[in-house]
file data.cif (mmCIF, C-alpha atoms)
data_structure
#
loop_
_atom_site.label_atom_id
_atom_site.label_comp_id
_atom_site.auth_asym_id
_atom_site.auth_seq_id
_atom_site.Cartn_x
_atom_site.Cartn_y
_atom_site.Cartn_z
CA MET A 1350 0.00 0.00 0.00
CA GLY A 1351 1.10 3.54 -0.63
CA SER A 1352 0.86 4.81 2.95
CA GLN A 1353 0.12 3.59 6.47
CA SER A 1354 -3.32 5.21 6.37
CA ASP A 1355 -4.28 2.75 3.60
CA TRP A 1356 -4.15 -0.15 6.10
CA ALA A 1357 -7.71 0.56 7.27
CA THR A 1358 -8.87 -0.67 3.86
CA MET A 1359 -6.09 -3.05 2.87
CA GLU A 1360 -6.29 -5.04 6.12
CA HIS A 1361 -9.45 -6.59 4.64
CA ALA A 1362 -7.35 -8.14 1.86
CA ASN A 1363 -4.89 -9.40 4.47
CA LYS A 1364 -7.64 -10.91 6.64
CA THR A 1365 -9.27 -12.56 3.62
CA LEU A 1366 -5.98 -14.12 2.52
CA ASP A 1367 -5.30 -15.26 6.09
CA SER A 1368 -8.75 -16.86 6.32
CA LEU A 1369 -7.95 -18.88 3.20
CA GLY A 1370 -4.57 -19.98 4.56
CA ILE A 1371 -2.63 -17.96 1.99
CA SER A 1372 0.66 -16.55 3.24
CA ASN A 1373 1.05 -12.88 2.46
CA GLU A 1374 3.06 -9.84 3.35
CA ALA A 1375 1.80 -6.30 3.85
CA ARG A 1376 4.17 -3.43 3.16
CA VAL A 1377 3.97 0.34 2.91
CA ILE A 1378 5.94 1.40 -0.14
CA SER A 1379 5.14 4.62 -1.94
CA ALA A 1380 5.64 4.93 -5.69
CA HIS A 1381 6.33 8.64 -5.09
CA ARG A 1382 8.14 8.84 -1.73
CA THR A 1383 10.20 5.63 -1.91
CA PRO A 1384 10.56 4.71 -5.60
CA ASP A 1385 13.94 3.00 -5.12
CA LEU A 1386 12.52 0.78 -2.38
CA LEU A 1387 9.56 -0.09 -4.62
CA GLU A 1388 11.87 -1.06 -7.48
CA GLU A 1389 13.98 -3.21 -5.15
CA TRP A 1390 10.94 -4.90 -3.54
CA VAL A 1391 9.23 -5.63 -6.86
CA GLY A 1392 12.50 -6.62 -8.52
CA ASP A 1393 13.01 -9.69 -6.35
CA ALA A 1394 9.35 -10.48 -5.57
CA ARG A 1395 9.30 -13.66 -7.67
CA GLU A 1396 12.53 -14.92 -6.10
CA ARG A 1397 10.97 -14.37 -2.65
CA GLY A 1398 8.05 -16.61 -3.65
CA MET A 1399 5.47 -13.97 -4.58
CA LYS A 1400 2.98 -15.09 -7.20
CA VAL A 1401 0.44 -12.23 -7.18
CA ILE A 1402 0.76 -8.65 -5.97
CA ILE A 1403 -2.13 -6.60 -4.60
CA ALA A 1404 -1.44 -2.86 -4.67
CA GLY A 1405 -3.72 -0.42 -2.87
CA ALA A 1406 -3.36 3.32 -3.29
CA GLY A 1407 -5.42 6.47 -3.43
CA MET A 1408 -5.44 9.75 -5.32
CA ALA A 1409 -2.80 9.59 -8.10
CA ALA A 1410 -2.56 5.83 -7.40
CA HIS A 1411 0.61 5.13 -9.35
CA LEU A 1412 1.63 2.24 -7.11
CA ALA A 1413 -0.14 -0.48 -9.11
CA GLY A 1414 1.01 0.82 -12.49
CA VAL A 1415 4.65 1.25 -11.48
CA THR A 1416 4.57 -2.20 -9.87
CA ALA A 1417 3.12 -3.77 -13.02
CA ALA A 1418 5.76 -2.02 -15.13
CA LYS A 1419 8.51 -3.63 -13.02
CA THR A 1420 7.24 -7.25 -12.85
CA ALA A 1421 5.54 -9.89 -14.96
CA LEU A 1422 3.63 -11.12 -11.89
CA PRO A 1423 -0.12 -10.43 -11.91
CA VAL A 1424 -0.87 -7.08 -10.23
CA LEU A 1425 -4.30 -6.48 -8.73
CA ALA A 1426 -5.13 -2.88 -7.89
CA VAL A 1427 -7.39 -1.56 -5.16
CA PRO A 1428 -8.32 2.11 -5.53
CA LEU A 1429 -8.72 3.68 -2.10
CA GLY A 1430 -11.38 6.19 -1.14
CA GLY A 1431 -10.61 9.67 0.09
CA GLY A 1432 -9.28 12.79 -1.49
CA ALA A 1433 -11.32 15.32 -3.43
CA LEU A 1434 -12.84 12.67 -5.71
CA ASP A 1435 -13.39 9.99 -3.02
CA GLY A 1436 -11.45 7.32 -4.90
CA LEU A 1437 -12.57 8.02 -8.47
CA ASP A 1438 -9.21 9.60 -9.25
CA ALA A 1439 -7.46 6.43 -8.05
CA LEU A 1440 -9.85 4.24 -10.03
CA TYR A 1441 -9.27 6.21 -13.23
CA ALA A 1442 -5.49 6.12 -12.74
CA MET A 1443 -5.54 2.35 -12.30
CA VAL A 1444 -7.82 1.40 -15.18
CA GLN A 1445 -6.09 3.62 -17.75
CA MET A 1446 -2.87 1.67 -18.06
CA PRO A 1447 -1.22 1.64 -21.47
CA LYS A 1448 -1.45 -1.56 -23.49
CA GLY A 1449 1.20 -4.05 -22.51
CA ILE A 1450 1.17 -3.16 -18.79
CA PRO A 1451 -1.92 -4.92 -17.41
CA VAL A 1452 -3.33 -4.06 -14.00
CA GLY A 1453 -6.43 -5.90 -12.79
CA THR A 1454 -8.46 -3.20 -11.07
CA LEU A 1455 -11.13 -3.91 -8.46
CA ALA A 1456 -13.76 -1.76 -6.76
CA ILE A 1457 -12.97 1.26 -4.63
CA GLY A 1458 -12.42 0.55 -0.94
CA LYS A 1459 -13.19 -2.42 1.30
CA SER A 1460 -15.08 -4.46 -1.32
CA GLY A 1461 -12.19 -4.03 -3.73
CA ALA A 1462 -9.66 -5.14 -1.11
CA ILE A 1463 -11.65 -8.28 -0.29
CA ASN A 1464 -12.27 -9.07 -3.96
CA ALA A 1465 -8.58 -8.53 -4.78
CA ALA A 1466 -7.72 -11.17 -2.18
CA LEU A 1467 -10.37 -13.53 -3.57
CA LEU A 1468 -9.17 -13.00 -7.14
CA ALA A 1469 -5.60 -13.66 -5.99
CA ALA A 1470 -6.87 -16.87 -4.36
CA ALA A 1471 -8.58 -17.92 -7.59
CA ILE A 1472 -5.34 -17.33 -9.52
CA LEU A 1473 -3.26 -19.23 -6.97
CA ALA A 1474 -5.82 -22.06 -6.84
CA LEU A 1475 -4.96 -22.93 -10.44
CA SER A 1476 -1.69 -24.46 -9.27
CA ASP A 1477 -2.21 -25.15 -5.55
CA GLU A 1478 -4.67 -27.80 -4.39
CA ASP A 1479 -4.80 -26.56 -0.78
CA ILE A 1480 -5.73 -23.06 -1.88
CA ALA A 1481 -8.21 -24.51 -4.39
CA ARG A 1482 -9.96 -26.42 -1.57
CA ALA A 1483 -10.01 -23.39 0.72
CA TYR A 1484 -11.36 -21.16 -2.07
CA ASP A 1485 -13.99 -23.75 -3.05
CA ASP A 1486 -15.03 -24.04 0.61
CA PHE A 1487 -15.31 -20.25 0.84
CA ARG A 1488 -17.50 -20.14 -2.28
CA LYS A 1489 -19.69 -23.01 -1.05
CA ASN A 1490 -20.12 -21.39 2.38
CA GLN A 1491 -20.93 -18.05 0.77
CA THR A 1492 -23.62 -19.71 -1.37
CA GLU A 1493 -25.11 -21.56 1.59
CA THR A 1494 -25.04 -18.48 3.81
CA GLY A 1495 -26.58 -16.35 1.08
CA ALA A 1496 -29.37 -18.86 0.48
CA ALA A 1497 -30.09 -19.08 4.22
CA ASN A 1498 -30.40 -15.29 4.42
CA SER A 1499 -32.51 -14.82 1.32
CA VAL A 1500 -36.10 -13.66 1.46
CA PRO A 1501 -38.58 -16.33 0.32
CA ALA A 1502 -40.24 -15.64 -3.00
CA ARG A 1503 -43.81 -14.32 -2.77
CA THR A 1504 -46.62 -14.76 -5.16
CA SER A 1505 -49.74 -12.66 -5.20
#

call {"tool": "encode", "arguments": {"input": "data.cif", "output": "structure tokens"}}
result
Amino acid sequence: MGSQSDWATMEHANKTLDSLGISNEARVISAHRTPDLLEEWVGDARERGMKVIIAGAGMAAHLAGVTAAKTALPVLAVPLGGGALDGLDALYAMVQMPKGIPVGTLAIGKSGAINAALLAAAILALSDEDIARAYDDFRKNQTETGAANSVPARTS
């Protein structure tokens, strides 16, 4: 994430990954304030065992784009609310990447953070049976919980 204040949103991605048994690391690295650290961290991400990167940032939101420019790993972006445009500026920055530098962009805020973690799980599940089981269990539980909380159909 781009700054410590982003943790209030990005912790939902962390908790979701933890609940699925997926090891993860949360770091504050700014594309603007610490560009050398970002380049170093992204540069050896694959060697450290990273397979997917989730980048959350607000306002100018260059973190995801710069990260994607520096690695071939999948980068999932979470635009964070706040600022004058309440996250729309971050969303626009993330979805307007030039061809050849893909960034998978999710919803603004908490929903985006959770869905980024779930999309990362789906990607990782393609080559990891334990994650596949955990993700399948999550989806099954979500379906069962949703059906249990639905309102019965009414006819007149």

call {"tool": "resolve_selection", "arguments": {"input": "data.cif", "expression": "the PyMOL selection byres ((chain A and resi 1371) around 12)", "output": "ChimeraX atom specification"}}
result
/A:1362-1370,1372-1374,1399-1401,1466-1467,1469-1474,1477-1484

call {"tool": "atom_distance", "arguments": {"input": "data.cif", "atom1": "CA of Glu1360 (chain A)", "atom2": "CA of Leu1437 (chain A)"}}
result
20.6 Å

call {"tool": "closest_residue", "arguments": {"input": "data.cif", "among": "A:Val1377, A:Met1443, A:Leu1422, A:Ile1463", "to": "Asp1393 (chain A)", "atoms": "only C-alpha atoms"}}
result
A:Leu1422

call {"tool": "resolve_selection", "arguments": {"input": "data.cif", "expression": "the PyMOL selection byres ((chain A and resi 1419) around 8)", "output": "MDAnalysis selection string"}}
result
chainID A and resid 1388 1391:1392 1415:1418 1420:1421

call {"tool": "atom_distance", "arguments": {"input": "data.cif", "atom1": "CA of Ala1465 (chain A)", "atom2": "CA of Arg1395 (chain A)"}}
result
18.8 Å

call {"tool": "closest_residue", "arguments": {"input": "data.cif", "among": "A:Ala1406, A:Ala1394, A:Leu1475, A:Ala1426", "to": "Leu1455 (chain A)", "atoms": "only C-alpha atoms"}}
result
A:Ala1426

call {"tool": "resolve_selection", "arguments": {"input": "data.cif", "expression": "the PyMOL selection byres ((chain A and resi 1438) around 12)", "output": "NGL selection string"}}
result
:A and (1406-1411 or 1428-1437 or 1439-1445 or 1457)

call {"tool": "atom_distance", "arguments": {"input": "data.cif", "atom1": "CA of Met1350 (chain A)", "atom2": "CA of Ser1460 (chain A)"}}
result
15.8 Å
